[in-house]
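K.L.:
I'm passing along entry-v9.txt; it holds compact mmCIF, C-alpha atoms.
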# COMPACT_ATOMS: atom_id res chain seq x y z
CA MET A 1 -32.58 -190.28 -164.13
CA LEU A 2 -33.92 -186.75 -164.71
CA SER A 3 -37.46 -187.91 -163.97
CA VAL A 4 -36.27 -189.36 -160.64
CA LEU A 5 -34.64 -186.02 -159.77
CA ARG A 6 -37.80 -184.14 -160.75
CA SER A 7 -40.13 -186.32 -158.72
CA HIS A 8 -38.05 -187.12 -155.62
CA ALA A 9 -36.91 -184.30 -153.35
CA ALA A 10 -34.48 -186.61 -151.52
CA ALA A 11 -32.82 -187.61 -154.80
CA ARG A 12 -32.36 -183.93 -155.69
CA VAL A 13 -30.73 -183.26 -152.32
CA VAL A 14 -28.35 -186.22 -152.66
CA ALA A 15 -27.41 -185.35 -156.23
CA ILE A 16 -26.77 -181.66 -155.53
CA ALA A 17 -24.92 -182.38 -152.27
CA ALA A 18 -22.65 -184.96 -153.92
CA TYR A 19 -21.97 -182.66 -156.86
CA VAL A 20 -21.04 -179.59 -154.82
CA LEU A 21 -18.85 -181.63 -152.47
CA VAL A 22 -16.89 -183.10 -155.37
CA VAL A 23 -16.45 -179.67 -156.96
CA GLU A 24 -15.40 -178.05 -153.67
CA TRP A 25 -12.91 -180.75 -152.79
CA THR A 26 -11.47 -180.60 -156.29
CA ARG A 27 -11.11 -176.84 -155.86
CA ALA A 28 -9.30 -177.36 -152.54
CA LEU A 29 -6.80 -179.64 -154.25
CA ALA A 30 -6.48 -177.38 -157.31
CA ILE A 31 -5.34 -174.37 -155.27
CA GLN A 32 -2.14 -176.29 -154.52
CA ALA A 33 -1.19 -175.90 -158.20
CA PRO A 34 1.43 -173.20 -158.91
CA GLY A 35 0.63 -169.69 -160.11
CA ALA A 36 -1.86 -169.17 -162.92
CA ALA A 37 -2.98 -172.81 -162.96
CA ALA A 38 -4.53 -172.35 -159.52
CA VAL A 39 -6.38 -169.21 -160.60
CA ILE A 40 -7.77 -170.90 -163.72
CA ALA A 41 -8.83 -173.95 -161.71
CA LEU A 42 -10.57 -171.72 -159.16
CA VAL A 43 -12.49 -169.78 -161.81
CA LEU A 44 -13.58 -173.04 -163.46
CA GLY A 45 -14.52 -174.40 -160.02
CA GLY A 46 -16.71 -171.36 -159.36
CA ALA A 47 -18.44 -171.80 -162.70
CA ALA A 48 -18.93 -175.52 -162.00
CA LEU A 49 -20.62 -174.71 -158.70
CA GLY A 50 -23.05 -172.45 -160.54
CA VAL A 51 -24.11 -175.44 -162.66
CA ALA A 52 -25.84 -176.82 -159.53
CA ALA A 53 -28.55 -174.19 -160.08
CA VAL A 54 -29.46 -175.34 -163.59
CA GLY A 55 -33.18 -176.01 -163.78
CA TRP A 56 -34.12 -173.93 -160.75
CA PRO A 57 -36.19 -170.76 -161.30
CA ALA A 58 -34.38 -167.62 -160.15
CA GLY A 59 -37.10 -166.91 -157.61
CA ARG A 60 -36.63 -170.29 -155.90
CA LEU A 61 -32.91 -169.54 -155.59
CA GLY A 62 -33.62 -166.20 -153.88
CA LEU A 63 -32.38 -164.28 -156.90
CA GLY A 64 -35.38 -161.97 -157.32
CA THR A 65 -34.87 -158.34 -158.28
CA SER A 66 -37.50 -156.68 -156.07
CA ARG A 67 -36.08 -154.21 -153.54
CA LEU A 68 -32.66 -154.79 -155.06
CA GLY A 69 -31.20 -151.78 -153.26
CA LEU A 70 -32.06 -153.25 -149.88
CA ARG A 71 -30.71 -156.63 -150.88
CA LEU A 72 -27.41 -155.05 -151.96
CA LEU A 73 -27.23 -152.98 -148.78
CA GLY A 74 -27.88 -156.11 -146.75
CA GLY A 75 -25.05 -157.81 -148.62
CA VAL A 76 -22.69 -155.01 -147.67
CA ALA A 77 -23.78 -155.45 -144.03
CA LEU A 78 -23.07 -159.18 -144.22
CA GLY A 79 -19.67 -158.49 -145.79
CA VAL A 80 -18.77 -156.06 -143.02
CA VAL A 81 -19.72 -158.65 -140.39
CA LEU A 82 -17.71 -161.39 -142.13
CA ILE A 83 -14.47 -159.38 -142.37
CA LEU A 84 -14.86 -157.61 -139.01
CA PRO A 85 -12.69 -160.04 -136.97
CA ALA A 86 -9.79 -159.94 -139.45
CA ALA A 87 -10.04 -156.17 -139.89
CA ALA A 88 -10.12 -155.58 -136.14
CA ARG A 89 -7.08 -157.82 -135.64
CA SER A 90 -4.88 -156.25 -138.28
CA GLY A 91 -6.07 -152.63 -138.16
CA ALA A 92 -6.62 -152.85 -141.89
CA ALA A 93 -8.66 -154.83 -144.34
CA PRO A 94 -6.14 -157.11 -146.05
CA MET A 95 -6.80 -157.57 -149.75
CA LEU A 96 -6.10 -160.52 -152.00
CA PRO A 97 -3.49 -160.21 -154.75
CA VAL A 98 -5.20 -159.04 -157.95
CA GLY A 99 -4.86 -162.36 -159.77
CA LEU A 100 -6.64 -164.21 -157.00
CA ALA A 101 -9.40 -161.59 -156.74
CA VAL A 102 -11.00 -162.77 -159.98
CA ALA A 103 -10.96 -166.34 -158.70
CA ALA A 104 -12.36 -165.24 -155.33
CA VAL A 105 -15.32 -163.52 -157.00
CA ALA A 106 -16.05 -166.59 -159.16
CA VAL A 107 -15.84 -169.01 -156.25
CA SER A 108 -17.88 -166.91 -153.83
CA ILE A 109 -20.71 -166.42 -156.35
CA GLY A 110 -20.60 -170.11 -157.29
CA GLU A 111 -20.65 -171.21 -153.65
CA GLU A 112 -23.66 -169.05 -152.81
CA ILE A 113 -25.61 -170.27 -155.84
CA ALA A 114 -24.73 -173.89 -154.97
CA PHE A 115 -25.15 -173.90 -151.16
CA ARG A 116 -27.67 -171.18 -150.29
CA GLY A 117 -29.32 -171.37 -153.73
CA ALA A 118 -29.81 -174.87 -155.20
CA LEU A 119 -28.95 -176.98 -152.15
CA TYR A 120 -31.04 -174.76 -149.84
CA ALA A 121 -34.03 -174.97 -152.20
CA ALA A 122 -33.74 -178.76 -152.52
CA LEU A 123 -33.48 -179.20 -148.74
CA GLU A 124 -36.42 -176.85 -148.21
CA ASP A 125 -38.52 -179.03 -150.52
CA LEU A 126 -37.50 -182.06 -148.49
CA GLY A 127 -37.77 -180.84 -144.89
CA GLY A 128 -38.72 -177.18 -144.80
CA ALA A 129 -36.68 -174.18 -143.68
CA PRO A 130 -35.00 -175.85 -140.65
CA ALA A 131 -33.64 -178.65 -142.83
CA ALA A 132 -32.52 -176.11 -145.42
CA VAL A 133 -30.65 -173.93 -142.91
CA VAL A 134 -29.06 -176.79 -140.95
CA GLY A 135 -28.39 -179.02 -143.96
CA SER A 136 -26.81 -176.34 -146.13
CA THR A 137 -24.64 -175.23 -143.20
CA LEU A 138 -23.44 -178.79 -142.53
CA LEU A 139 -22.63 -179.42 -146.20
CA TRP A 140 -20.90 -176.03 -146.45
CA THR A 141 -18.70 -176.90 -143.46
CA LEU A 142 -17.94 -180.37 -144.82
CA ALA A 143 -17.05 -178.89 -148.20
CA HIS A 144 -14.36 -176.73 -146.53
CA ALA A 145 -12.83 -179.61 -144.54
CA LEU A 146 -10.02 -180.12 -147.07
CA SER A 147 -9.11 -176.48 -147.52
CA HIS A 148 -9.13 -175.43 -143.87
CA PRO A 149 -7.36 -176.67 -140.72
CA PRO A 150 -9.86 -178.18 -138.23
CA ALA A 151 -9.49 -175.19 -135.90
CA PHE A 152 -11.06 -172.93 -138.56
CA LEU A 153 -14.13 -175.04 -139.24
CA GLY A 154 -16.06 -173.48 -136.35
CA ALA A 155 -15.74 -170.05 -137.97
CA VAL A 156 -16.61 -171.54 -141.36
CA ALA A 157 -19.74 -173.17 -139.91
CA ALA A 158 -20.78 -169.96 -138.16
CA ALA A 159 -20.37 -168.00 -141.39
CA GLY A 160 -22.44 -170.59 -143.26
CA LEU A 161 -25.14 -170.44 -140.59
CA LEU A 162 -25.29 -166.64 -140.79
CA LEU A 163 -25.59 -166.68 -144.58
CA ALA A 164 -28.22 -169.45 -144.52
CA LEU A 165 -30.26 -167.59 -141.89
CA TRP A 166 -30.18 -164.46 -144.04
CA ARG A 167 -31.42 -166.59 -146.96
CA TRP A 168 -34.25 -167.84 -144.73
CA ALA A 169 -35.13 -164.55 -142.99
CA CYS A 170 -35.12 -162.37 -146.10
CA ARG A 171 -35.75 -165.08 -148.72
CA ASP A 172 -32.82 -163.52 -150.53
CA LEU A 173 -29.60 -164.77 -152.10
CA VAL A 174 -28.35 -161.41 -153.43
CA GLY A 175 -27.26 -160.33 -149.94
CA PRO A 176 -25.25 -163.50 -149.22
CA ILE A 177 -23.60 -163.27 -152.66
CA VAL A 178 -22.54 -159.66 -152.11
CA GLY A 179 -21.39 -160.34 -148.53
CA HIS A 180 -19.46 -163.45 -149.54
CA VAL A 181 -17.73 -161.64 -152.41
CA ILE A 182 -16.67 -158.82 -150.07
CA ALA A 183 -15.33 -161.33 -147.52
CA ASP A 184 -13.45 -163.37 -150.10
CA LEU A 185 -11.90 -160.29 -151.69
CA ALA A 186 -10.53 -159.31 -148.30
CA LEU A 187 -9.45 -162.76 -147.16
CA MET B 188 -38.64 -158.71 -135.76
CA ARG B 189 -38.10 -162.30 -134.59
CA ARG B 190 -36.17 -163.04 -137.78
CA LEU B 191 -34.06 -159.92 -137.36
CA GLY B 192 -33.26 -161.03 -133.80
CA ILE B 193 -32.18 -164.47 -135.02
CA LEU B 194 -29.98 -162.85 -137.67
CA VAL B 195 -28.31 -160.59 -135.10
CA GLY B 196 -27.79 -163.64 -132.88
CA ALA B 197 -26.16 -165.52 -135.77
CA ALA B 198 -23.94 -162.52 -136.49
CA VAL B 199 -22.79 -162.36 -132.86
CA THR B 200 -22.15 -166.13 -132.87
CA TYR B 201 -20.08 -165.77 -136.04
CA LEU B 202 -18.06 -162.86 -134.60
CA PHE B 203 -17.32 -164.93 -131.48
CA ALA B 204 -16.33 -168.04 -133.49
CA ALA B 205 -14.19 -166.08 -135.94
CA TRP B 206 -12.45 -164.16 -133.16
CA MET B 207 -11.21 -167.46 -131.70
CA VAL B 208 -9.03 -168.15 -134.78
CA ALA B 209 -6.85 -165.65 -136.67
CA PRO B 210 -7.61 -164.30 -139.20
CA GLY B 211 -11.26 -165.42 -138.85
CA PHE B 212 -13.41 -166.76 -141.67
CA TYR B 213 -11.58 -167.18 -144.92
CA ASP B 214 -12.54 -169.18 -147.96
CA GLY B 215 -9.39 -171.13 -148.66
CA PHE B 216 -7.51 -168.41 -150.52
CA GLY B 217 -5.38 -167.47 -147.56
CA PRO B 218 -2.47 -169.46 -146.12
CA PRO B 219 -3.65 -172.92 -145.00
CA GLN B 220 -1.58 -172.64 -141.85
CA ALA B 221 -0.72 -169.85 -139.47
CA TYR B 222 2.54 -168.01 -140.01
CA ASN B 223 5.26 -168.74 -137.46
CA TRP B 224 6.57 -165.43 -136.24
CA THR B 225 9.84 -164.40 -134.65
CA CYS B 226 8.07 -161.30 -133.33
CA PRO B 227 4.33 -162.02 -133.58
CA PRO B 228 2.04 -159.04 -134.13
CA PRO B 229 -0.58 -158.54 -131.41
CA GLN B 230 -3.36 -159.88 -133.63
CA ALA B 231 -1.55 -163.16 -134.39
CA GLY B 232 -2.85 -165.17 -131.44
CA ALA B 233 -0.96 -168.32 -130.43
CA ASN B 234 2.46 -168.49 -132.07
CA VAL B 235 5.06 -171.15 -132.82
CA LYS B 236 8.64 -170.07 -133.35
CA PRO B 237 9.80 -170.31 -136.99
CA SER B 238 11.89 -173.27 -138.10
CA SER B 239 15.30 -173.50 -139.71
CA GLY B 240 16.37 -175.73 -142.59
CA HIS B 241 19.47 -177.55 -143.84
CA LEU B 242 20.41 -179.19 -147.13
CA ASP B 243 23.49 -181.02 -148.40
CA ILE B 244 23.82 -180.77 -152.19
CA LYS B 245 25.92 -183.36 -154.00
CA VAL B 246 28.59 -182.26 -156.43
CA ILE B 247 28.74 -184.69 -159.35
CA ASN B 248 31.65 -184.40 -161.81
CA GLY B 249 32.33 -180.90 -160.52
CA VAL B 250 28.75 -179.73 -161.03
CA SER B 251 26.43 -179.07 -158.09
CA ASP B 252 23.18 -181.05 -158.29
CA ALA B 253 19.68 -179.59 -158.50
CA ASN B 254 17.89 -179.47 -155.16
CA SER B 255 15.83 -177.25 -152.84
CA ALA B 256 16.47 -176.19 -149.28
CA PHE B 257 13.50 -175.30 -147.11
CA THR B 258 12.62 -174.60 -143.52
CA ASP B 259 10.67 -177.30 -141.68
CA ASP B 260 7.60 -175.06 -141.53
CA GLY B 261 7.81 -174.35 -145.27
CA GLN B 262 8.04 -170.58 -144.84
CA VAL B 263 11.23 -170.35 -146.91
CA VAL B 264 12.19 -172.41 -149.96
CA ILE B 265 15.29 -171.82 -152.04
CA GLY B 266 15.76 -173.85 -155.21
CA PHE B 267 18.97 -174.51 -157.08
CA LEU B 268 19.42 -175.68 -160.67
CA PRO B 269 22.38 -177.87 -161.69
CA GLY B 270 25.63 -175.91 -161.57
CA THR B 271 24.29 -173.08 -159.44
CA PHE B 272 27.32 -173.16 -157.15
CA ASP B 273 30.99 -172.51 -157.71
CA SER B 274 31.81 -176.01 -156.49
CA ALA B 275 35.50 -176.30 -157.35
CA GLY B 276 37.21 -178.81 -155.06
CA LYS B 277 34.01 -179.77 -153.20
CA THR B 278 32.03 -183.00 -153.03
CA THR B 279 29.04 -181.55 -151.20
CA ILE B 280 27.70 -178.08 -150.55
CA SER B 281 25.82 -177.27 -147.35
CA VAL B 282 22.97 -174.77 -147.37
CA ASP B 283 21.44 -173.46 -144.13
CA ILE B 284 18.38 -171.31 -143.55
CA VAL B 285 18.08 -169.83 -140.07
CA PRO B 286 15.43 -167.35 -138.86
CA LEU B 287 17.00 -164.34 -137.21
CA ASP B 288 16.03 -164.23 -133.53
CA SER B 289 15.42 -160.48 -133.66
CA CYS B 290 13.25 -158.27 -135.87
CA PRO B 291 15.19 -155.47 -137.57
CA LYS B 292 13.19 -152.37 -138.45
CA PRO B 293 15.26 -150.58 -141.09
CA PRO B 294 14.22 -147.00 -141.82
CA GLY B 295 11.81 -146.68 -144.74
CA ILE B 296 10.95 -150.40 -144.91
CA SER B 297 8.23 -152.49 -143.23
CA PHE B 298 8.93 -156.20 -143.20
CA VAL B 299 5.94 -158.53 -143.38
CA THR B 300 7.98 -161.71 -142.84
CA ASN B 301 10.65 -162.88 -140.45
CA VAL B 302 14.25 -162.17 -141.43
CA TYR B 303 16.08 -165.31 -142.55
CA GLN B 304 19.82 -165.83 -142.88
CA ILE B 305 20.71 -168.09 -145.82
CA THR B 306 24.27 -169.37 -146.00
CA ALA B 307 26.07 -171.89 -148.20
CA SER B 308 29.52 -173.46 -148.06
CA ALA B 309 30.17 -172.24 -151.62
CA PRO B 310 29.16 -169.06 -153.43
CA PRO B 311 26.88 -169.08 -156.48
CA ALA B 312 28.77 -169.46 -159.76
CA LYS B 313 29.12 -166.29 -161.82
CA GLY B 314 25.88 -165.53 -163.65
CA LYS B 315 23.91 -168.21 -161.77
CA THR B 316 20.90 -167.52 -159.57
CA ALA B 317 18.69 -169.43 -157.15
CA SER B 318 14.92 -169.18 -156.80
CA LEU B 319 13.83 -167.87 -153.39
CA THR B 320 10.23 -168.19 -152.15
CA LEU B 321 9.02 -166.61 -148.91
CA ARG B 322 5.57 -167.30 -147.49
CA TYR B 323 3.81 -164.47 -145.67
CA SER B 324 0.79 -164.11 -143.44
CA ASN B 325 -2.51 -162.63 -144.57
CA LEU B 326 -2.46 -160.62 -141.36
CA GLU B 327 0.02 -158.40 -143.19
CA PRO B 328 -0.22 -156.46 -146.47
CA ASP B 329 1.02 -157.95 -149.72
CA PRO B 330 4.79 -157.25 -149.90
CA SER B 331 6.05 -155.28 -152.88
CA ASP B 332 9.66 -156.51 -152.69
CA VAL B 333 12.10 -158.97 -151.24
CA TYR B 334 14.98 -157.28 -149.44
CA ARG B 335 18.54 -158.50 -148.94
CA ALA B 336 21.31 -157.40 -146.59
CA SER B 337 24.78 -158.67 -145.71
CA ASP B 338 24.18 -157.71 -142.09
CA PRO B 339 20.88 -157.48 -140.18
CA ALA B 340 21.75 -153.90 -139.25
CA GLY B 341 21.68 -153.03 -142.95
CA PRO B 342 21.85 -151.56 -145.42
CA TRP B 343 18.84 -153.41 -146.89
CA LYS B 344 18.46 -153.45 -150.65
CA SER B 345 15.36 -154.36 -152.68
CA ILE B 346 15.89 -157.28 -155.05
CA GLY B 347 12.36 -157.08 -156.44
CA ARG B 348 9.86 -159.90 -156.79
CA ASN B 349 8.41 -162.01 -159.57
CA GLU B 350 4.90 -161.18 -160.72
CA GLN B 351 3.48 -164.68 -160.69
CA ALA B 352 3.44 -166.57 -157.41
CA ALA B 353 1.27 -168.96 -155.46
CA PRO B 354 -1.16 -167.37 -152.97
CA PHE B 355 0.53 -165.57 -150.10
CA THR B 356 4.02 -166.29 -151.28
CA VAL B 357 6.57 -164.00 -152.88
CA ASP B 358 9.24 -165.25 -155.31
CA THR B 359 12.48 -163.71 -156.49
CA ARG B 360 15.88 -164.66 -157.91
CA VAL B 361 19.03 -164.32 -155.77
CA ASP B 362 22.64 -164.27 -156.93
CA SER B 363 24.21 -164.05 -153.49
CA PHE B 364 23.36 -165.14 -149.96
CA GLY B 365 22.85 -163.17 -146.75
CA TYR B 366 19.77 -161.97 -144.88
CA PHE B 367 16.37 -161.91 -146.60
CA ALA B 368 12.89 -160.64 -145.77
CA ALA B 369 9.81 -159.52 -147.71
CA GLY B 370 8.23 -156.13 -147.14
CA TYR B 371 7.31 -152.79 -148.63
CA PRO B 372 8.59 -149.20 -148.51
CA THR B 373 6.88 -147.31 -145.70
CA ALA B 374 7.00 -144.09 -147.73
CA SER B 375 4.10 -145.47 -149.78
CA PRO B 376 0.87 -146.99 -148.47
CA PRO B 377 1.08 -150.75 -147.89
CA PRO B 378 0.25 -152.34 -151.24
CA GLY B 379 -3.16 -153.94 -151.39
CA SER B 380 -4.44 -152.81 -148.03
CA VAL B 381 -7.14 -150.37 -147.04
CA THR B 382 -6.36 -148.79 -143.69
CA LEU B 383 -9.26 -147.13 -141.95
CA GLY B 384 -9.18 -144.20 -139.63
CA GLY B 385 -5.48 -144.05 -138.75
CA GLY B 386 -5.54 -147.05 -136.44
CA GLN B 387 -8.98 -146.41 -134.94
CA THR B 388 -10.34 -149.23 -137.06
CA LEU B 389 -12.48 -151.15 -134.63
CA PRO B 390 -14.72 -148.30 -133.42
CA ILE B 391 -15.26 -147.08 -136.98
CA ILE B 392 -16.10 -150.54 -138.28
CA VAL B 393 -18.48 -151.21 -135.41
CA ALA B 394 -20.20 -147.88 -136.02
CA VAL B 395 -20.50 -148.55 -139.75
CA LEU B 396 -21.75 -152.05 -138.99
CA ILE B 397 -24.50 -150.78 -136.71
CA VAL B 398 -25.60 -148.15 -139.22
CA VAL B 399 -25.59 -150.58 -142.14
CA VAL B 400 -27.44 -153.32 -140.26
CA VAL B 401 -30.08 -150.86 -139.12
CA LEU B 402 -30.39 -149.40 -142.62
CA ALA B 403 -30.64 -152.83 -144.19
CA GLY B 404 -32.64 -154.71 -141.60
CA LEU B 405 -35.28 -152.25 -140.44
CA PRO B 406 -36.80 -151.49 -143.84
CA LEU B 407 -36.96 -155.19 -144.65
CA ALA B 408 -38.56 -155.93 -141.29
CA ILE B 409 -41.10 -153.09 -141.71
CA VAL B 410 -41.97 -154.27 -145.20
CA ARG B 411 -42.57 -157.76 -143.87
CA ARG B 412 -44.81 -156.52 -141.04
CA ARG B 413 -46.89 -154.27 -143.30
CA GLN B 414 -47.34 -156.68 -146.14
CA GLY B 415 -47.32 -159.99 -144.28
CA SER B 416 -44.91 -161.21 -146.89
CA THR B 417 -42.16 -159.57 -148.89
CA PRO B 418 -42.01 -159.32 -152.65
CA ALA B 419 -39.21 -161.87 -152.32
CA ASP B 420 -41.71 -164.29 -150.80
CA GLU B 421 -44.01 -163.73 -153.73
CA GLU B 422 -41.15 -164.22 -156.16
CA GLU B 423 -40.30 -167.49 -154.49
CA LYS B 424 -43.87 -168.70 -154.60
CA GLY B 425 -44.21 -167.56 -158.16
How does this structure look as structure tokens?

P.N.:
Amino acid sequence: MLSVLRSHAAARVVAIAAYVLVVEWTRALAIQAPGAAAVIALVLGGAALGVAAVGWPAGRLGLGTSRLGLRLLGGVALGVVLILPAAARSGAAPMLPVGLAVAAVAVSIGEEIAFRGALYAALEDLGGAPAAVVGSTLLWTLAHALSHPPAFLGAVAAAGLLLALWRWACRDLVGPIVGHVIADLAL
Amino acid sequence: MRRLGILVGAAVTYLFAAWMVAPGFYDGFGPPQAYNWTCPPPQAGANVKPSSGHLDIKVINGVSDANSAFTDDGQVVIGFLPGTFDSAGKTTISVDIVPLDSCPKPPGISFVTNVYQITASAPPAKGKTASLTLRYSNLEPDPSDVYRASDPAGPWKSIGRNEQAAPFTVDTRVDSFGYFAAGYPTASPPPGSVTLGGGQTLPIIVAVLIVVVVLAGLPLAIVRRRQGSTPADEEEKG
């Protein structure tokens, strides 16, 4: 099994895609649980998403440390863009309740490592950057189909496309992680 | 520079797509459905009027049964344990939840939900309470309290809130019926919100956005042009 995954790019894509979809859909169902159970399930879900990156070198995931300041600054820029519509609507940046903030950080880091990290790298091996950007965006949108009403999926897809294009343009995952954490803490 | 242009294009596309749906992109932590407002705030977009709810509770051997009344849109749920009501001489107890068709603005309090009138055909038994849950929108700050009044004109009194609740809901215990809403005292800043620039939020955010994007994007673009590839490229190859 492992040798098939090592030698076949398509098998890696299928395995990672199936895994992250199952974890994300489980997370969407788990948030219906009352109170602390939902928070615990979300934190575990975020950690489970991070497992998708096992076996990938940090550099292939975009997790290098060179020019870290710029990467972090870029992440802040992405975060500002992601929360701009909500902030402009309400005149304030709404913040999650404290209990959920921990879960939001875990899930946003896990999602970036899974979608723009492992899945992006696997798709890039299979079909290059276009396949990685389009494929990771499609899977990201599909993964949110259970947790979001259909009307929101356009915004979800556009956010995924923006984050994937940053991953491609800057070959960086630190920025998307920081931006995603900022957005999830606010919304 | 081509990559920077594509990124800016993606950012503009996102802003357009997110502006079409309130509150924009969110990752499943917010309410799964839009809040139905009596008086929608300007940023709410399309609005459906809030629903009412009705429940008939059986009285078995003089003890009111356990049950929950809720509005059809799920924005209010009130749960009763066995024996919650003083049910002497009754075979059923009717509970009604009706959204007030106006939006009171009592001094010193900002409501973040509609005001709901909850009535029952029997009062709660002495020492008994019901569990009240109000859902609120993430377009509004996290409420610090649930408020109760016997009349919409007031006076409104805080009855607190429980610490642990599902996302974007506020729970409390009630020992009498009347009018209920969740909110926060206006004397203190709205809990859990960061207000920017005294209402001039959009221009400030746009300005910050431009500065940050330029600060972040230009150096990266220059590095790429000078070196042909960034250290990140080399890390990825490595």

K.L.:
Enter the distance from atom CA of A:Leu29 to atom CA of A:Ala157, in Å, rounded to one decimal.

P.N.:
20.4 Å

K.L.:
Just to confirm, what's the straight-line distance from atom CA of B:Gly249 to atom CA of B:Gly261 in Å (one decimal)?

P.N.:
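Computing the Euclidean distance for atom CA of B:Gly249 and atom CA of B:Gly261 yields 29.6 Å.
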
K.L.:
Which distance in Å separates atom CA of B:Pro294 and atom CA of B:Thr359, to one decimal?

P.N.:
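These two atoms are separated by 22.3 Å.
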
K.L.:
Could you tell me which of B:Ala253, B:Ile280, B:Val357, B:Ala369 comes closest to chain A if we count all atoms listed in the file?

P.N.:
B:Val357

K.L.:
Excluding B:Val302 and residues on its chain fewer than 2 positions from it, collect all residues at most 8 Å away from it, counting only C-alpha atoms, and give them as a ChimeraX atom specification.

P.N.:
/B:286-287,290-291,300,304,366-368

K.L.:
Please provide as an NGL selection string all residues within 12 Å of B:Ala198, with the sequence filter that same-chain residues fewer than 5 positions apart are discarded (counting all atoms listed in the file).

P.N.:
(:A and (77-85 or 155 or 157-166)) or (:B and (191-193 or 203-205 or 396-397 or 400))

K.L.:
Using only C-alpha atoms, find the one residue out of B:Pro342, B:Pro330, B:Pro311, B:Gly370 that sits nearest to chain A.

P.N.:
B:Pro330

K.L.:
May I ask which of the residues A:Ala131, A:Ala53, A:Ala38, A:Val174 is the closest one to chain B, counting all atoms listed in the file?

P.N.:
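Answer, going by the shortest atom-to-atom distance: A:Ala38.
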
K.L.:
Any idea what's packed within 10 Å of A:Phe115, counting all atoms listed in the file, ignoring anything in its chain fewer than 2 positions away? Could you give it as a PyMOL selection string?

P.N.:
chain A and resi 16-17+20+49-50+52-53+61+110-113+117-122+132-133+135-137+139-140+143+160+163-164

K.L.:
For a quick check of understanding, using all atoms listed in the file, which of A:Gly69, A:Pro176, A:Pro57, A:Gly74 has the smallest distance to chain B?

P.N.:
A:Gly74

K.L.:
Name all residues at most 7 Å from B:Asn234 (count only C-alpha atoms; drop same-chain ones fewer than 5 positions away) and give them as a ChimeraX atom specification.

P.N.:
/B:223-224,227

K.L.:
Save the residues we just selected, C-alpha atoms, as a compact mmCIF listing (two decimals), keeping the file's coordinate frame?

P.N.:
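Written out: part03.txt:
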# COMPACT_ATOMS: atom_id res chain seq x y z
CA ASN B 223 5.26 -168.74 -137.46
CA TRP B 224 6.57 -165.43 -136.24
CA PRO B 227 4.33 -162.02 -133.58

K.L.:
As AutoDock Vina command-line options, what would the box around stretch 40-55 of chain A look like: edges along x, y and z, 3 Å added on every side, centre and edge lengths in Å to one decimal?

P.N.:
--center_x -20.5 --center_y -173.3 --center_z -161.2 --size_x 31.4 --size_y 13.0 --size_z 11.1

K.L.:
Closest to B:Glu327 among A:Ala11, A:Cys170, A:Ala104, A:Ala186, using only C-alpha atoms?

P.N.:
A:Ala186

K.L.:
Using only C-alpha atoms, which residue out of B:Asp362, B:Asp252, B:Asp214, B:Ala309 lies closest to A:Val107?

P.N.:
B:Asp214
